[in-house]
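Listing of protein-v1.txt; format and content: compact mmCIF, C-alpha atoms.
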```txt
# COMPACT_ATOMS: atom_id res chain seq x y z
CA MET A 1181 81.12 3.00 6.08
CA THR A 1182 77.66 2.63 7.59
CA GLN A 1183 75.29 -0.12 6.62
CA ASN A 1184 71.57 0.24 7.43
CA SER A 1185 69.87 -3.10 7.47
CA THR A 1186 66.08 -3.65 7.15
CA PRO A 1187 64.30 -2.66 10.39
CA LYS A 1188 62.87 -5.43 12.50
CA TYR A 1189 59.31 -4.10 12.14
CA SER A 1190 58.82 -2.98 8.56
CA ARG A 1191 55.74 -1.12 7.30
CA ARG A 1192 54.82 -4.26 5.41
CA SER A 1193 54.84 -6.48 8.44
CA MET A 1194 52.85 -3.88 10.40
CA LEU A 1195 50.17 -3.84 7.70
CA THR A 1196 50.04 -7.63 7.64
CA ALA A 1197 49.68 -7.81 11.40
CA GLY A 1198 47.07 -5.03 11.39
CA GLY A 1199 44.94 -6.73 8.72
CA ALA A 1200 45.12 -10.04 10.50
CA ALA A 1201 44.21 -8.39 13.80
CA ALA A 1202 41.18 -6.61 12.27
CA ALA A 1203 39.93 -9.82 10.66
CA SER A 1204 40.43 -11.77 13.89
CA ALA A 1205 38.65 -9.12 15.94
CA ALA A 1206 35.69 -9.14 13.54
CA PHE A 1207 35.58 -12.92 13.55
CA LEU A 1208 35.64 -13.04 17.34
CA ALA A 1209 33.00 -10.30 17.59
CA ALA A 1210 30.67 -12.27 15.29
CA CYS A 1211 31.21 -15.65 16.88
CA GLY A 1212 31.83 -14.64 20.46
CA GLY A 1213 29.65 -16.13 23.14
CA LYS A 1214 28.09 -14.39 26.06
CA THR A 1215 30.60 -12.62 28.26
CA THR A 1216 29.70 -11.58 31.72
CA VAL A 1217 30.47 -7.92 32.19
CA THR A 1218 30.46 -6.52 35.68
CA ARG A 1219 27.82 -3.87 36.03
CA LEU A 1220 27.80 -0.87 38.29
CA GLY A 1221 24.32 0.06 39.45
CA SER A 1222 21.21 -1.34 37.88
CA SER A 1223 20.09 -1.17 34.28
CA PRO A 1224 17.01 -2.67 32.64
CA THR A 1225 17.51 -5.86 30.71
CA THR A 1226 16.81 -5.67 27.01
CA VAL A 1227 13.86 -7.74 25.90
CA LYS A 1228 14.31 -8.97 22.36
CA MET A 1229 11.36 -8.19 20.11
CA MET A 1230 9.54 -11.18 18.73
CA ASP A 1231 10.26 -12.22 15.19
CA ALA A 1232 7.00 -11.80 13.28
CA ALA A 1233 6.44 -12.42 9.61
CA VAL A 1234 3.82 -10.51 7.61
CA THR A 1235 1.78 -13.47 6.41
CA ASP A 1236 -1.56 -13.53 4.63
CA VAL A 1237 -3.21 -14.43 7.94
CA VAL A 1238 -1.64 -11.38 9.61
CA LEU A 1239 -3.00 -9.16 6.84
CA LEU A 1240 -6.46 -10.70 7.13
CA ARG A 1241 -6.44 -10.29 10.91
CA THR A 1242 -5.45 -6.65 10.43
CA ALA A 1243 -8.26 -6.25 7.89
CA MET A 1244 -10.68 -7.51 10.54
CA SER A 1245 -9.34 -4.96 13.01
CA ILE A 1246 -9.84 -2.16 10.47
CA GLU A 1247 -13.39 -3.29 9.67
CA THR A 1248 -14.21 -3.38 13.39
CA MET A 1249 -12.61 0.01 13.97
CA VAL A 1250 -14.53 1.66 11.10
CA SER A 1251 -17.80 0.03 12.18
CA ASN A 1252 -17.27 1.19 15.78
CA LEU A 1253 -16.35 4.72 14.74
CA LEU A 1254 -19.36 5.10 12.44
CA SER A 1255 -21.76 3.74 15.06
CA ASP A 1256 -20.26 5.74 17.92
CA LYS A 1257 -22.68 7.92 19.88
CA VAL A 1258 -20.78 11.05 18.81
CA ILE A 1259 -21.57 10.27 15.18
CA THR A 1260 -25.10 8.90 15.54
CA SER A 1261 -26.16 11.88 17.65
CA LEU A 1262 -24.93 14.34 15.01
CA ALA A 1263 -26.06 12.53 11.85
CA ASP A 1264 -29.44 13.53 10.53
CA GLY A 1265 -31.72 12.61 7.63
CA SER A 1266 -30.15 10.65 4.82
CA ALA A 1267 -26.66 10.88 6.34
CA ALA A 1268 -27.87 8.94 9.40
CA SER A 1269 -29.20 6.02 7.38
CA VAL A 1270 -26.18 5.99 5.05
CA VAL A 1271 -23.63 6.02 7.87
CA SER A 1272 -25.60 3.38 9.77
CA GLY A 1273 -25.69 1.24 6.61
CA PHE A 1274 -21.95 1.65 6.14
CA ALA A 1275 -21.30 0.59 9.76
CA SER A 1276 -23.46 -2.51 9.35
CA ALA A 1277 -21.72 -3.43 6.10
CA HIS A 1278 -18.32 -3.33 7.80
CA LYS A 1279 -19.59 -5.56 10.59
CA ALA A 1280 -21.00 -7.97 8.00
CA ASN A 1281 -17.58 -8.23 6.34
CA LEU A 1282 -16.10 -9.74 9.49
CA SER A 1283 -17.54 -13.23 9.07
CA GLY A 1284 -16.20 -13.57 5.52
CA ILE A 1285 -12.70 -12.49 6.53
CA SER A 1286 -12.87 -14.73 9.60
CA SER A 1287 -13.57 -17.73 7.35
CA LEU A 1288 -10.54 -16.87 5.21
CA ILE A 1289 -8.37 -16.78 8.34
CA THR A 1290 -9.56 -20.03 9.87
CA ALA A 1291 -9.26 -21.80 6.50
CA ARG A 1292 -5.54 -20.94 6.65
CA GLY A 1293 -5.04 -22.14 10.20
CA GLY A 1294 -5.19 -18.70 11.81
CA THR A 1295 -7.32 -17.25 14.56
CA ALA A 1296 -9.85 -14.54 13.80
CA PHE A 1297 -9.30 -11.17 15.47
CA ASN A 1298 -12.46 -9.55 16.76
CA GLY A 1299 -10.99 -6.46 18.38
CA THR A 1300 -10.41 -3.01 17.02
CA ASN A 1301 -7.02 -1.74 15.86
CA GLU A 1302 -5.82 -0.06 19.07
CA LYS A 1303 -2.79 1.58 17.48
CA LEU A 1304 -4.82 3.26 14.75
CA MET A 1305 -7.56 4.20 17.20
CA ILE A 1306 -4.95 6.03 19.26
CA ALA A 1307 -3.28 7.50 16.17
CA TYR A 1308 -6.38 8.96 14.52
CA GLY A 1309 -9.64 7.17 15.41
CA GLN A 1310 -10.18 8.61 18.87
CA PRO A 1311 -8.73 12.05 18.01
CA ALA A 1312 -11.21 12.27 15.11
CA LEU A 1313 -14.12 11.41 17.40
CA ASP A 1314 -12.95 13.92 20.00
CA LEU A 1315 -12.71 16.68 17.41
CA ILE A 1316 -16.19 15.94 16.08
CA ALA A 1317 -17.59 15.88 19.62
CA THR A 1318 -16.05 19.30 20.29
CA GLY A 1319 -17.02 20.88 16.99
CA LYS A 1320 -20.55 19.43 16.75
CA ASP A 1321 -20.56 20.14 13.01
CA LYS A 1322 -23.01 17.90 11.17
CA SER A 1323 -20.93 17.97 8.00
CA ASP A 1324 -18.17 16.13 9.89
CA VAL A 1325 -20.25 12.94 9.87
CA LEU A 1326 -20.03 12.42 6.11
CA ALA A 1327 -16.49 13.79 6.01
CA LEU A 1328 -15.41 11.13 8.51
CA ALA A 1329 -17.36 8.42 6.65
CA HIS A 1330 -15.69 9.42 3.36
CA ALA A 1331 -12.22 9.38 4.93
CA LEU A 1332 -12.75 6.03 6.64
CA GLU A 1333 -14.14 4.34 3.52
CA SER A 1334 -11.28 5.70 1.41
CA LEU A 1335 -8.85 4.48 4.06
CA THR A 1336 -10.38 0.99 4.10
CA ALA A 1337 -10.28 0.74 0.30
CA ALA A 1338 -6.65 1.90 0.29
CA THR A 1339 -5.81 -0.64 3.00
CA TYR A 1340 -7.04 -3.59 0.94
CA GLN A 1341 -5.34 -2.23 -2.16
CA TYR A 1342 -2.08 -1.91 -0.23
CA PHE A 1343 -2.43 -5.39 1.23
CA VAL A 1344 -2.52 -6.89 -2.27
CA SER A 1345 1.13 -5.88 -2.60
CA LEU A 1346 1.96 -7.86 0.57
CA THR A 1347 -0.23 -10.91 -0.03
CA ASN A 1348 1.17 -14.18 -1.33
CA GLU A 1349 -1.91 -16.24 -2.13
CA HIS A 1350 -3.85 -15.35 -5.29
CA SER A 1351 -7.27 -16.13 -3.92
CA VAL A 1352 -6.64 -13.97 -0.83
CA ARG A 1353 -5.69 -11.04 -3.07
CA ALA A 1354 -8.94 -11.41 -4.99
CA ALA A 1355 -11.01 -11.83 -1.83
CA MET A 1356 -9.41 -8.73 -0.30
CA MET A 1357 -10.11 -6.61 -3.36
CA ARG A 1358 -13.69 -7.86 -3.54
CA ILE A 1359 -14.20 -6.43 -0.04
CA GLY A 1360 -12.02 -3.38 -0.72
CA ALA A 1361 -14.09 -2.51 -3.79
CA THR A 1362 -17.21 -2.24 -1.61
CA SER A 1363 -15.42 0.34 0.53
CA ALA A 1364 -14.33 2.21 -2.59
CA ARG A 1365 -17.99 2.28 -3.68
CA ARG A 1366 -19.04 3.65 -0.28
CA ALA A 1367 -16.30 6.29 -0.47
CA ALA A 1368 -17.68 7.44 -3.83
CA VAL A 1369 -21.21 7.59 -2.45
CA ALA A 1370 -20.07 9.59 0.60
CA ALA A 1371 -18.15 11.96 -1.69
CA GLN A 1372 -21.28 12.43 -3.82
CA LEU A 1373 -23.38 13.18 -0.73
CA ILE A 1374 -20.85 15.87 0.23
CA ASN A 1375 -20.35 17.30 -3.26
CA PRO A 1376 -23.22 16.01 -5.43
CA GLY A 1377 -23.68 15.70 -9.17
CA THR A 1378 -21.36 15.05 -12.07
CA GLN A 1379 -19.57 18.34 -11.37
CA GLY A 1380 -18.34 16.69 -8.16
CA PHE A 1381 -16.60 13.86 -10.01
CA ALA A 1382 -13.33 15.67 -10.73
CA PRO A 1383 -11.10 17.42 -8.20
CA GLY A 1384 -11.74 21.15 -8.02
CA ILE A 1385 -11.97 24.18 -5.77
CA ASP A 1386 -14.94 26.11 -4.43
CA ASP A 1387 -15.53 29.86 -4.73
CA LYS A 1388 -13.29 30.41 -1.68
CA GLY A 1389 -10.44 28.55 -3.33
CA VAL A 1390 -10.75 25.56 -1.02
CA ALA A 1391 -10.35 22.09 -2.55
CA THR A 1392 -13.66 20.27 -2.90
CA VAL A 1393 -14.25 16.60 -2.15
CA ALA A 1394 -13.87 14.72 -5.44
CA THR A 1395 -15.72 11.50 -6.14
CA LEU A 1396 -12.94 10.40 -8.49
CA PRO A 1397 -9.84 12.05 -7.06
CA SER A 1398 -7.29 10.23 -9.25
CA SER A 1399 -6.94 7.84 -12.19
CA PHE A 1400 -5.57 5.01 -10.04
CA GLY A 1401 -6.39 4.11 -6.46
CA GLY A 1402 -4.08 6.03 -4.19
CA LEU A 1403 -2.28 4.89 -1.05
CA SER A 1404 -1.47 8.27 0.46
CA ALA A 1405 -2.86 9.31 3.84
CA GLN A 1406 -6.48 10.44 3.92
CA GLN A 1407 -6.69 14.03 5.07
CA VAL A 1408 -9.89 15.21 6.67
CA ALA A 1409 -10.57 18.54 8.36
CA LEU A 1410 -12.69 17.99 11.47
CA GLY A 1411 -13.80 19.74 14.62
CA PRO A 1412 -14.22 23.36 15.60
CA VAL A 1413 -12.87 26.26 13.59
CA ASN A 1414 -9.89 27.87 15.24
CA PRO A 1415 -11.08 31.47 15.88
CA GLU A 1416 -7.60 32.88 15.36
CA SER A 1417 -6.53 31.11 12.19
CA GLY A 1418 -9.96 30.28 10.78
CA THR A 1419 -8.81 26.73 10.07
CA ARG A 1420 -9.80 23.31 11.37
CA VAL A 1421 -7.59 20.47 12.51
CA VAL A 1422 -6.63 18.17 9.65
CA VAL A 1423 -6.51 14.53 10.71
CA LEU A 1424 -4.23 12.26 8.70
CA MET A 1425 -5.36 8.67 8.35
CA ASP A 1426 -2.72 6.25 7.10
CA THR A 1427 -3.08 2.65 6.07
CA PRO A 1428 -1.76 0.13 8.63
CA SER A 1429 1.97 -0.35 8.74
CA LEU A 1430 4.29 -2.85 10.39
CA ASN A 1431 3.64 -1.43 13.85
CA SER A 1432 -0.14 -1.54 13.51
CA LEU A 1433 -0.57 -4.96 11.91
CA ILE A 1434 -2.26 -7.63 14.03
CA TYR A 1435 0.33 -10.43 14.21
CA MET B 260 81.92 8.27 1.22
CA GLU B 261 79.07 6.63 3.00
CA ASN B 262 77.22 3.79 1.49
CA HIS B 263 73.61 3.29 2.51
CA GLN B 264 72.53 -0.12 1.62
CA VAL B 265 69.14 -1.64 2.26
CA ASP B 266 68.87 -5.36 2.07
CA LEU B 267 65.65 -6.36 0.46
CA PRO B 268 64.71 -9.90 -0.39
CA GLU B 269 64.65 -10.46 -4.10
CA ASN B 270 61.23 -12.10 -4.03
CA SER B 271 59.18 -10.68 -1.22
CA ALA B 272 57.18 -13.36 0.57
CA THR B 273 54.31 -10.92 0.98
CA SER B 274 53.81 -8.69 -2.03
CA ARG B 275 51.99 -5.35 -1.78
CA ARG B 276 49.15 -6.81 -3.84
CA ARG B 277 48.78 -9.69 -1.45
CA LEU B 278 48.82 -7.32 1.48
CA LEU B 279 46.10 -5.15 0.03
CA THR B 280 44.04 -8.23 -0.79
CA SER B 281 44.30 -9.54 2.73
CA LEU B 282 43.38 -6.14 4.15
CA LEU B 283 40.37 -5.87 1.88
CA ALA B 284 39.30 -9.40 2.74
CA GLY B 285 39.67 -8.64 6.43
CA GLY B 286 37.63 -5.47 6.10
CA ALA B 287 34.92 -7.18 4.08
CA PHE B 288 34.70 -9.96 6.62
CA ALA B 289 34.49 -7.43 9.45
CA ALA B 290 31.61 -5.67 7.70
CA ALA B 291 29.77 -8.88 6.86
CA ALA B 292 30.23 -10.69 10.17
CA PRO B 293 27.45 -8.97 12.13
CA LEU B 294 25.05 -9.43 9.22
CA LEU B 295 25.89 -13.10 8.93
CA ALA B 296 25.49 -13.56 12.65
CA THR B 297 22.03 -11.88 12.65
CA ARG B 298 20.79 -13.86 9.69
CA ALA B 299 21.94 -17.09 11.22
CA SER B 300 20.05 -16.51 14.46
CA ALA B 301 16.90 -15.32 12.68
CA ALA B 302 16.86 -18.34 10.42
CA ASP B 303 16.63 -20.58 13.44
CA GLU B 304 13.62 -18.79 14.89
CA THR B 305 11.37 -18.03 11.94
CA THR B 306 9.85 -20.40 9.49
CA THR B 307 8.19 -19.23 6.33
CA THR B 308 5.39 -21.39 5.07
CA THR B 309 4.45 -19.51 1.92
CA VAL B 310 6.56 -18.71 -1.10
CA ALA B 311 6.63 -15.06 -2.12
CA PRO B 312 5.25 -14.48 -5.63
CA PRO B 313 7.63 -13.31 -8.37
CA ASN B 314 7.59 -9.68 -9.47
CA ARG B 315 6.79 -10.66 -13.07
CA ASP B 316 5.54 -13.84 -14.65
CA ALA B 317 5.12 -14.43 -18.38
CA ALA B 318 2.26 -16.79 -17.54
CA ASP B 319 0.20 -13.68 -16.67
CA ASN B 320 0.35 -12.31 -20.23
CA ASN B 321 -2.90 -13.87 -21.43
CA VAL B 322 -5.02 -12.68 -18.55
CA LEU B 323 -3.45 -9.20 -18.71
CA ASN B 324 -4.14 -9.06 -22.45
CA SER B 325 -7.77 -9.91 -21.75
CA LEU B 326 -7.86 -6.93 -19.37
CA ILE B 327 -6.32 -4.71 -22.06
CA ASN B 328 -9.08 -5.77 -24.43
CA ARG B 329 -11.71 -5.03 -21.81
CA GLU B 330 -10.26 -1.59 -21.12
CA ALA B 331 -10.02 -0.78 -24.84
CA GLN B 332 -13.65 -1.76 -25.28
CA THR B 333 -14.64 0.33 -22.26
CA VAL B 334 -12.82 3.31 -23.78
CA ALA B 335 -14.78 2.81 -27.03
CA THR B 336 -18.01 2.58 -25.05
CA TYR B 337 -17.34 5.87 -23.27
CA LYS B 338 -16.69 7.52 -26.64
CA THR B 339 -20.21 6.61 -27.77
CA ALA B 340 -21.64 7.69 -24.41
CA ILE B 341 -19.90 11.07 -24.58
CA ALA B 342 -21.22 11.58 -28.10
CA ALA B 343 -24.74 10.86 -26.84
CA THR B 344 -24.51 13.27 -23.87
CA LYS B 345 -25.46 16.95 -24.06
CA ASN B 346 -24.92 18.54 -20.64
CA ALA B 347 -21.42 20.01 -20.27
CA ASN B 348 -20.93 18.78 -16.69
CA ASP B 349 -22.02 15.28 -17.68
CA VAL B 350 -19.72 15.30 -20.71
CA ALA B 351 -16.83 16.44 -18.50
CA ALA B 352 -17.55 13.67 -16.00
CA LEU B 353 -17.73 10.96 -18.69
CA THR B 354 -14.59 12.32 -20.35
CA LEU B 355 -12.81 12.07 -17.00
CA ILE B 356 -13.75 8.40 -16.63
CA HIS B 357 -12.92 7.76 -20.30
CA ASP B 358 -9.46 9.18 -19.65
CA HIS B 359 -9.06 6.92 -16.62
CA HIS B 360 -9.74 3.87 -18.77
CA VAL B 361 -7.28 5.10 -21.39
CA ALA B 362 -4.73 5.30 -18.57
CA TYR B 363 -5.53 1.72 -17.47
CA GLU B 364 -5.14 0.40 -21.00
CA GLN B 365 -1.84 2.25 -21.42
CA ALA B 366 -0.56 1.13 -18.01
CA LEU B 367 -1.32 -2.52 -18.75
CA LYS B 368 0.25 -2.24 -22.20
CA GLY B 369 3.26 -0.50 -20.73
CA TYR B 370 3.62 -3.26 -18.16
CA LEU B 371 3.42 -6.04 -20.74
CA GLY B 372 5.52 -4.37 -23.41
CA ARG B 373 5.89 -6.40 -26.62
CA PRO B 374 3.46 -9.20 -25.69
CA ALA B 375 0.63 -6.65 -25.25
CA VAL B 376 -2.25 -6.84 -27.71
CA SER B 377 -3.37 -3.67 -29.48
CA GLY B 378 -6.80 -3.93 -27.88
CA ASN B 379 -10.31 -4.59 -29.13
CA THR B 380 -12.02 -1.28 -29.92
CA THR B 381 -15.56 -2.61 -30.28
CA PRO B 382 -17.88 -0.83 -27.80
CA LEU B 383 -19.36 -3.08 -25.14
CA ALA B 384 -22.81 -1.56 -25.66
CA ASN B 385 -24.55 1.07 -27.71
CA VAL B 386 -25.10 3.53 -24.90
CA THR B 387 -27.95 5.92 -25.68
CA GLY B 388 -30.85 7.75 -24.06
CA ALA B 389 -31.17 10.39 -21.36
CA PHE B 390 -28.20 10.85 -19.06
CA PRO B 391 -29.61 8.81 -16.12
CA ALA B 392 -30.09 5.87 -18.52
CA ILE B 393 -26.58 6.30 -19.93
CA ALA B 394 -25.13 6.49 -16.41
CA ALA B 395 -27.00 3.32 -15.37
CA GLN B 396 -25.65 1.39 -18.38
CA LEU B 397 -22.12 2.65 -17.77
CA SER B 398 -22.37 1.78 -14.09
CA ALA B 399 -23.24 -1.81 -15.00
CA ILE B 400 -20.32 -1.93 -17.43
CA GLU B 401 -17.98 -0.59 -14.76
CA THR B 402 -19.15 -3.25 -12.30
CA ALA B 403 -18.60 -6.01 -14.86
CA THR B 404 -15.16 -4.61 -15.75
CA MET B 405 -14.23 -4.38 -12.09
CA ASN B 406 -15.34 -7.98 -11.50
CA GLN B 407 -13.24 -9.14 -14.45
CA HIS B 408 -10.22 -7.46 -12.86
CA ILE B 409 -10.95 -9.02 -9.46
CA ASP B 410 -11.29 -12.46 -11.07
CA ALA B 411 -7.97 -11.84 -12.83
CA LEU B 412 -6.33 -11.44 -9.42
CA ASN B 413 -7.21 -15.08 -8.78
CA THR B 414 -4.79 -16.11 -11.50
CA ILE B 415 -2.23 -13.31 -11.76
CA ASN B 416 1.05 -14.55 -10.33
CA GLY B 417 3.28 -11.50 -10.73
CA HIS B 418 3.39 -9.15 -7.78
CA ASP B 419 3.69 -5.97 -9.87
CA ALA B 420 0.79 -6.86 -12.15
CA ALA B 421 -1.43 -7.68 -9.15
CA THR B 422 -0.57 -4.33 -7.55
CA LEU B 423 -1.39 -2.47 -10.76
CA VAL B 424 -4.69 -4.30 -11.24
CA ALA B 425 -5.65 -3.63 -7.61
CA SER B 426 -5.18 0.11 -8.12
CA ILE B 427 -7.47 -0.08 -11.15
CA ILE B 428 -10.15 -2.03 -9.25
CA THR B 429 -10.36 0.64 -6.54
CA MET B 430 -11.20 3.34 -9.06
CA GLU B 431 -13.54 1.24 -11.18
CA ALA B 432 -15.55 0.55 -8.03
CA ARG B 433 -15.77 4.29 -7.50
CA HIS B 434 -16.79 4.87 -11.14
CA SER B 435 -19.54 2.31 -10.81
CA ALA B 436 -20.97 3.72 -7.58
CA ALA B 437 -20.76 7.35 -8.71
CA LEU B 438 -22.53 6.59 -11.99
CA ALA B 439 -25.15 4.52 -10.17
CA LEU B 440 -25.86 7.42 -7.85
CA VAL B 441 -26.21 10.02 -10.63
CA SER B 442 -28.42 7.57 -12.51
CA GLY B 443 -30.90 7.95 -9.67
CA LEU B 444 -30.18 5.02 -7.37
CA ALA B 445 -30.48 5.49 -3.59
CA PRO B 446 -27.13 5.99 -1.83
CA LEU B 447 -27.00 2.59 -0.12
CA SER B 448 -28.08 0.81 -3.30
CA ALA B 449 -25.42 2.68 -5.26
CA ALA B 450 -22.87 1.62 -2.65
CA GLY B 451 -23.97 -1.98 -3.13
CA ASP B 452 -24.95 -2.37 0.55
```

In structure tokens, write the structure found in this file.
Amino acid sequence: MTQNSTPKYSRRSMLTAGGAAAASAAFLAACGGKTTVTRLGSSPTTVKMMDAAVTDVVLLRTAMSIETMVSNLLSDKVITSLADGSAASVVSGFASAHKANLSGISSLITARGGTAFNGTNEKLMIAYGQPALDLIATGKDKSDVLALAHALESLTAATYQYFVSLTNEHSVRAAMMRIGATSARRAAVAAQLINPGTQGFAPGIDDKGVATVATLPSSFGGLSAQQVALGPVNPESGTRVVVLMDTPSLNSLIY
Amino acid sequence: MENHQVDLPENSATSRRRLLTSLLAGGAFAAAAPLLATRASAADETTTTTVAPPNRDAADNNVLNSLINREAQTVATYKTAIAATKNANDVAALTLIHDHHVAYEQALKGYLGRPAVSGNTTPLANVTGAFPAIAAQLSAIETATMNQHIDALNTINGHDAATLVASIITMEARHSAALALVSGLAPLSAAGD
């Protein structure tokens, strides 16, 4: 007669040990201190990114950078040399208005213990500001002046509207929208100068089937990227480069 | 005849249920450990000085109801303006803006739900005359409506309501400027610059 006793290492005990080992490993991984690991060759050390919170002051500083960027773009030599007649005075007026906004926003920042930011938004200039200027300089199309003004004013209005969703303080929300509304007004005026009259209020298409610039493109203020066709016409495709202008995001805020 | 006998304890010290529980607990801890470690280090380095607003706040109901009333009155005003306008393009433009205000009223009512008022349907003005005069009056009404919404942002606590009102303000600013321009104002004056 053969008697088989329980094995020394049962499935149950293996599972118990395995679970305990996994939990211990995880615990040690979470709590473990720095361990010196021998390196072969050289490798760059990792620099930890700074922890930065999106505060009301950060949003206001970013708003200043946008106002400066728009003012600089609209008063750039490329634009002023192309603008003629009423477009010249309108674009110049828009640029001045953006510069005038800076002092009000600066006061809001300093009242909250922050430091005003007087520079332009470098990230957005690289992303679409400078490319837009370069395209206009190459194309030398006078209609690009108002097209750029319309896109930039719509972008600024959308920026303030977006910032309301990130702002904590009530009075800052209201102050932002008071400034943002002036940009929305300018966007409507630029749209009317491009496509005048009440027939230009609603979105539509021209006789070639191309979408026209609408003064009132939607029921509610939109936050999607502004699309503006600028620069020379491609002789092969017959199209122009479409520049996308997005509202500032986490990587283009001024912390 | 061979007898195969397995000796099992009558009451197992570690039941299958207990084993599974310990495995699950171990797994959950393993998954949560890195998160806990990250949070702990971040909490040491960042300090938040402002309190994030709530998504909704019942205290906003009164101010939002006042905006509903304003939008309902604006809708009624546009109805009279459309009736007083002859040109088809002008009628289409005013109807478009009328529809926007209907959308604002509905959006605010939809946001509030049961506490929403039905809305005052008394026109804000008796808009008459040639189209430039009508446009000028409507532009002034749009500006006043927009300002009421901006002032409301000073008191609105709920994040979602503030976001909705902001999206309305952007378009009412556009309405106002567009109407000012077609009423005959110079571009920079229409822009408010």

7 Å contact set for Tyr1308 in chain A, all atoms listed in the file, chain neighbours under 4 positions out, as an mmCIF file with C-alpha atoms, in the frame of the given file:
```cif
data_model
loop_
_atom_site.group_PDB
_atom_site.id
_atom_site.type_symbol
_atom_site.label_atom_id
_atom_site.label_comp_id
_atom_site.auth_asym_id
_atom_site.auth_seq_id
_atom_site.Cartn_x
_atom_site.Cartn_y
_atom_site.Cartn_z
ATOM 1 C CA LEU A 1304 -4.820 3.260 14.750
ATOM 2 C CA ALA A 1312 -11.210 12.270 15.110
ATOM 3 C CA VAL A 1423 -6.510 14.530 10.710
ATOM 4 C CA MET A 1425 -5.360 8.670 8.350
#
```

### Task
Please provide as a PyMOL selection string all residues within 9 Å of Glu1333 in chain A, with the sequence filter that same-chain residues fewer than 6 positions apart are discarded (counting all atoms listed in the file).
chain A and resi 1250+1274+1362-1368+1370

#### Entry: Contact residues around range 318-334 of chain B with all atoms listed in the file at 8 Å, ignoring same-chain residues under 3 positions, as a PyMOL selection string
chain B and resi 337-338+357-358+360-361+363-364+367-368+371+374-383+400+404+407-408+411+414-417

### Message
I need the residue nearest chain B from this list: A:Val1258, A:Leu1403, A:Leu1240, A:Ala1331. Use only C-alpha atoms for the distance.
### Response
A:Leu1403

### Task
In Å, rounded to a single decimal, give me how far CA of Tyr1340 in chain A is from CA of Glu1247 in chain A.
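Between these atoms lies a distance of 10.8 Å.
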
#### Entry: Counting all atoms listed in the file, the option among A:Ser1417, A:Ser1323, A:Ser1276, A:Ser1251 closest to chain B
A:Ser1276

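The shortest atom-to-atom distance to Val1369 in chain A, with all atoms listed in the file taken into account, belongs to A:Ser1266 out of A:Asn1301, A:Asn1252, A:Asn1414, A:Ser1266.
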
### Message
As an exercise, work out the distance from CA of Leu355 in chain B to CA of Met430 in chain B in Å and give it to one decimal place.
### Response
11.9 Å
